[in-house]
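The block underneath contains the structure these notes are about, expressed in structure tokens.
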Amino acid sequence: MFNAELLTSAKVQDFIKKAFQHKWDALKVSTALAREFSNEERAAIMDYMELVPKFREKIFSEKNGDAFLLCDRLALEQSTAFDIGHWKSALWLNDQPVQGTPVQTVHDLCCGMGGDSFFLPDHLNVIGVDLDENRLAMYRYNAEVMRPKAAQTICADVREVARENSHAQPLNGATPANSETRADFFTLDPARRAIEGENQRDLKNLTPSFEEVLEIAKHYRGGMAKLPPSYPTDEIPGDCEILYLGSRQDCRELLVLFGELAKHPGCVRAVIVGKKGETVAEWCEARDAKRETRDKESQEQFEYNFELEGKDRIYRTASSQSDLPLGDLGKYLSEPAPVLLRSHLFGSTARGFDPDAHLVSEGIAYISSATPLPAPGFATFKVLDHCEIASGAVRAMLKAHDVGKLTLKLRGVKVDPDAEIKRLKPKGKNEAILFYTRAQGEKIAILTTRIKDTLMSS
């Protein structure tokens, strides 16, 4: 059972500091706790201790040092990390309020432990809204650590709070009874699962549903809602702005901006965010309905590729609609950055650098080109050789190129990467990357080497 009073006590936090300082192992921690705490308390403290380095790595900047946040495992998993949160803070109306005008207020709907509130500009007033009292206890405690002043909370259904927000607007100069809790804007991270182990990518698990999010948005001047990157964008209204945010290696969220926060309505942006929350690269285009809509067959293929298993999970977001033509395997093979892939912007971006860039198979986002496609939008590989996916043919190709150290990448082919490498038993001196994928729909093994990144110049 979650015990906020226990975990926030000076006694427990001093104990944790001491244990970390002296690098106690789990046995020593457990033994020391058993002297002063019940079995239930000891279990709660040890579970919490596992989370401390995780939330410090995920959420803290240097100024937070060795402070504590209040959370459980699920709340931490669903919270926004420092890099993305810091980048998103610039999306808010950052002008300081003029003296004598009201301070703008934000409802953090489904606030959880407070991840989205942590990074809001300091001049904004923020109110956390959630149905879970434990989450609100986390939110209040964490706001004191992460924000310049304590935050208000409301224990209620976010849908009801949004509806009441419209009625909280001042009328004819009168001040309504609930004006202290009204807000100008909202930020919303729909709950994606109720318990550990449920799939956060399952769109059916969104609470509130996206239809309800659209209704919520009507009651505010503007706002932002975080969705899984795989959410079908054809359901998002045309006057919204859509952002795909992530690092060079992942696409972590699809962010929908509403109302006054949508500075580029009707556009899609893809942004690679650096570790400090800076913009590494950004692309922006008008939305294209053709790229956003899949027929039934394409959707089934997308879901199939998305669910492939294996240690190398880069390919899990591999399939996407594209207006790139099909063609033969050329000199270079490139894989788009995940944010370009999810945003469907990889095709037009690739053509901007090589007008003849093309896919080698329908529905699989490997791009073939005559010239290297630049980083950070693309990871590009020089093609050395290719053959059918058959053990004898692949082994012969590896032997011909003296390959001994191998990385296996997969899209459109279902095998276990680790088991396949062991089965191939490469024994040469060279290092290479082997792609198992499809060309014109047929399975193919492509042997490559990674070329040095060339930065984008346009």
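Order determines the names: the first chain of the structure tokens is A, the second B, and so forth; residues in each chain are numbered 1 upward, and ligands are numbered 1 upward as they are shown.
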>> Neighbouring residues of Pro355 in chain A were defined as those with any atom within 12 Å, considering only C-alpha atoms; residues of the same chain fewer than 5 positions away were excluded. Please report them as a list in words.
In response: Leu324, Pro325, Gly347, Ser348, Thr349, Ala350, Ile367, Ser368, Ser369, Ala370, Thr371 and Leu373 of chain A
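By chain and then residue number, the residues within 9 Å of Ala4 in chain A are Phe2, Leu6, Leu7, Thr8, Ser9, Leu70, Cys71, Asn134, Ala137 and Met138 of chain A, counting only C-alpha atoms and disregarding those fewer than 2 positions away in sequence.
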> Any idea what's packed within 6 Å of Phe186 in chain A, counting only C-alpha atoms, ignoring anything in its chain fewer than 3 positions away? Could you give it as a ChimeraX atom specification?
Replying inline: /A:106-108,223
>> Neighbouring residues of Phe185 in chain A were defined as those with any atom within 12 Å, considering only C-alpha atoms; residues of the same chain fewer than 2 positions away were excluded. Please report them as a PyMOL selection string.
In response: chain A and resi 92-93+103-109+120+124-127+162+165-166+181-183+187-188+216-225+257-262
>> Residues near Pro372 in chain A, anyone? I mean within 12 Å using only C-alpha atoms, not counting same-chain ones fewer than 3 positions away, as JSON, numbers by chain.
In response: {"A": [330, 331, 332, 333, 334, 335, 350, 351, 353, 354, 356, 357, 367, 368, 369, 375, 377, 378, 379, 380, 381, 382, 383, 450, 451, 452, 453, 454, 455, 456]}
May I have the selected residues written with N, CA and C atoms, as a CSV table (one decimal), in the first residue's frame?
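And here is the file that came out, result-v5.csv:
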chain,number,residue,atom,x,y,z
A,330,GLY,N,19.8,0.3,-54.2
A,330,GLY,CA,20.9,1.2,-54.7
A,330,GLY,C,22.2,1.1,-53.9
A,331,LYS,N,22.9,2.2,-54.0
A,331,LYS,CA,24.2,2.2,-53.4
A,331,LYS,C,24.1,2.4,-51.9
A,332,TYR,N,23.1,3.2,-51.4
A,332,TYR,CA,23.0,3.4,-50.0
A,332,TYR,C,21.6,3.0,-49.5
A,333,LEU,N,21.5,2.6,-48.2
A,333,LEU,CA,20.3,2.3,-47.6
A,333,LEU,C,20.2,3.1,-46.3
A,334,SER,N,19.1,3.8,-46.1
A,334,SER,CA,18.9,4.7,-45.0
A,334,SER,C,17.7,4.3,-44.2
A,335,GLU,N,17.8,4.5,-42.9
A,335,GLU,CA,16.6,4.4,-42.0
A,335,GLU,C,16.3,5.7,-41.4
A,350,ALA,N,13.6,13.0,-47.5
A,350,ALA,CA,14.6,12.3,-48.2
A,350,ALA,C,14.7,12.9,-49.7
A,351,ARG,N,13.6,13.2,-50.3
A,351,ARG,CA,13.6,13.7,-51.7
A,351,ARG,C,14.3,15.1,-51.7
A,353,PHE,N,17.0,15.8,-50.4
A,353,PHE,CA,18.4,15.6,-50.5
A,353,PHE,C,18.8,14.7,-51.7
A,354,ASP,N,17.9,13.9,-52.1
A,354,ASP,CA,18.1,13.0,-53.3
A,354,ASP,C,16.7,12.8,-54.0
A,356,ASP,N,15.8,11.2,-56.4
A,356,ASP,CA,15.6,9.8,-56.8
A,356,ASP,C,15.5,8.8,-55.7
A,357,ALA,N,15.4,9.3,-54.4
A,357,ALA,CA,15.3,8.4,-53.3
A,357,ALA,C,14.0,7.6,-53.4
A,367,ILE,N,15.0,3.4,-47.1
A,367,ILE,CA,15.1,4.2,-48.2
A,367,ILE,C,16.4,4.0,-49.0
A,368,SER,N,16.3,3.7,-50.3
A,368,SER,CA,17.5,3.5,-51.1
A,368,SER,C,17.8,4.8,-51.9
A,369,SER,N,19.1,5.2,-52.0
A,369,SER,CA,19.5,6.4,-52.7
A,369,SER,C,20.8,6.3,-53.3
A,375,ALA,N,22.5,12.9,-41.5
A,375,ALA,CA,22.0,12.9,-40.1
A,375,ALA,C,21.6,14.3,-39.7
A,377,GLY,N,18.5,13.3,-39.4
A,377,GLY,CA,17.3,12.7,-39.9
A,377,GLY,C,17.3,11.3,-40.4
A,378,PHE,N,18.5,10.9,-40.7
A,378,PHE,CA,18.7,9.5,-41.3
A,378,PHE,C,20.0,8.9,-40.8
A,379,ALA,N,19.9,7.6,-40.6
A,379,ALA,CA,21.2,6.8,-40.4
A,379,ALA,C,21.4,6.1,-41.7
A,380,THR,N,22.5,6.3,-42.3
A,380,THR,CA,22.8,5.8,-43.7
A,380,THR,C,23.9,4.7,-43.7
A,381,PHE,N,23.7,3.7,-44.5
A,381,PHE,CA,24.6,2.6,-44.6
A,381,PHE,C,25.0,2.3,-46.1
A,382,LYS,N,26.2,2.0,-46.3
A,382,LYS,CA,26.7,1.7,-47.7
A,382,LYS,C,26.4,0.2,-47.9
A,383,VAL,N,25.8,-0.1,-49.1
A,383,VAL,CA,25.4,-1.5,-49.4
A,383,VAL,C,26.7,-2.2,-49.9
A,450,ARG,N,28.0,1.1,-41.8
A,450,ARG,CA,27.5,2.4,-41.4
A,450,ARG,C,28.5,3.5,-41.9
A,451,ILE,N,28.0,4.4,-42.6
A,451,ILE,CA,28.9,5.5,-43.0
A,451,ILE,C,28.9,6.6,-42.0
A,452,LYS,N,29.9,7.4,-42.0
A,452,LYS,CA,30.0,8.5,-41.0
A,452,LYS,C,28.9,9.5,-41.3
A,453,ASP,N,28.3,10.0,-40.2
A,453,ASP,CA,27.2,10.9,-40.4
A,453,ASP,C,27.6,12.2,-41.0
A,454,THR,N,26.8,12.6,-42.0
A,454,THR,CA,27.0,13.9,-42.6
A,454,THR,C,25.8,14.8,-42.1
A,455,LEU,N,26.0,15.9,-41.6
A,455,LEU,CA,24.9,16.7,-41.0
A,455,LEU,C,24.1,17.4,-42.1
A,456,MET,N,22.8,17.6,-41.8
A,456,MET,CA,21.9,18.2,-42.7
A,456,MET,C,22.3,19.7,-43.0
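Closest approach to Ile389 in chain A among A:Asp189, A:Glu133, A:Phe435, A:Val161 is made by A:Phe435 (distances from only C-alpha atoms).
Here CA of Thr448 in chain A is placed at a distance of 28.7 Å from CA of Leu245 in chain A.
Excluding Asp402 in chain A itself and any same-chain residue fewer than 4 positions from it, the protein and nucleic acid residues within 10 Å of it, counting only C-alpha atoms, are Ala396, Met397, Leu398, Pro426, Lys427, Gly428, Lys429, Asn430, Glu431 and Ala432 of chain A.
Atom pair CA of Tyr244 in chain A / CA of Glu292 in chain A has a distance of 13.9 Å (rounded to one decimal).
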> Skipping near chain neighbours, those fewer than 2 positions away, what residues fall within 6 Å of Arg269 in chain A using only C-alpha atoms, listed as number ranges by chain?
Replying inline: A: 243, 283-284
> Tell me, which residues of range 315-400 of chain A carry DSSP strand (DSSP E), written as a list in words?
Replying inline: Tyr332, Leu333, Ser334, Glu335, Pro336, His358, Leu359, Ile367, Ser368, Ser369, Phe378, Ala379, Thr380, Phe381, Lys382, Val383, Leu384, Asp385, His386 and Cys387 of chain A
Those selected residues, please, written with C-alpha atoms and delivered as a PDB file, in the first residue's frame.
ATOM      1  CA  TYR A 332      22.984   3.433 -49.990  1.00  0.00           C
ATOM      2  CA  LEU A 333      20.292   2.270 -47.582  1.00  0.00           C
ATOM      3  CA  SER A 334      18.924   4.683 -44.967  1.00  0.00           C
ATOM      4  CA  GLU A 335      16.563   4.391 -42.039  1.00  0.00           C
ATOM      5  CA  PRO A 336      14.737   7.550 -40.949  1.00  0.00           C
ATOM      6  CA  HIS A 358      12.866   5.495 -53.122  1.00  0.00           C
ATOM      7  CA  LEU A 359      11.634   2.606 -50.996  1.00  0.00           C
ATOM      8  CA  ILE A 367      15.121   4.227 -48.246  1.00  0.00           C
ATOM      9  CA  SER A 368      17.518   3.537 -51.092  1.00  0.00           C
ATOM     10  CA  SER A 369      19.470   6.392 -52.652  1.00  0.00           C
ATOM     11  CA  PHE A 378      18.700   9.502 -41.276  1.00  0.00           C
ATOM     12  CA  ALA A 379      21.157   6.761 -40.388  1.00  0.00           C
ATOM     13  CA  THR A 380      22.783   5.771 -43.676  1.00  0.00           C
ATOM     14  CA  PHE A 381      24.566   2.558 -44.633  1.00  0.00           C
ATOM     15  CA  LYS A 382      26.673   1.701 -47.683  1.00  0.00           C
ATOM     16  CA  VAL A 383      25.438  -1.450 -49.393  1.00  0.00           C
ATOM     17  CA  LEU A 384      28.170  -4.083 -49.759  1.00  0.00           C
ATOM     18  CA  ASP A 385      26.175  -7.049 -51.016  1.00  0.00           C
ATOM     19  CA  HIS A 386      22.804  -8.774 -50.826  1.00  0.00           C
ATOM     20  CA  CYS A 387      21.325 -12.250 -51.155  1.00  0.00           C
TER      21      CYS A 387
END
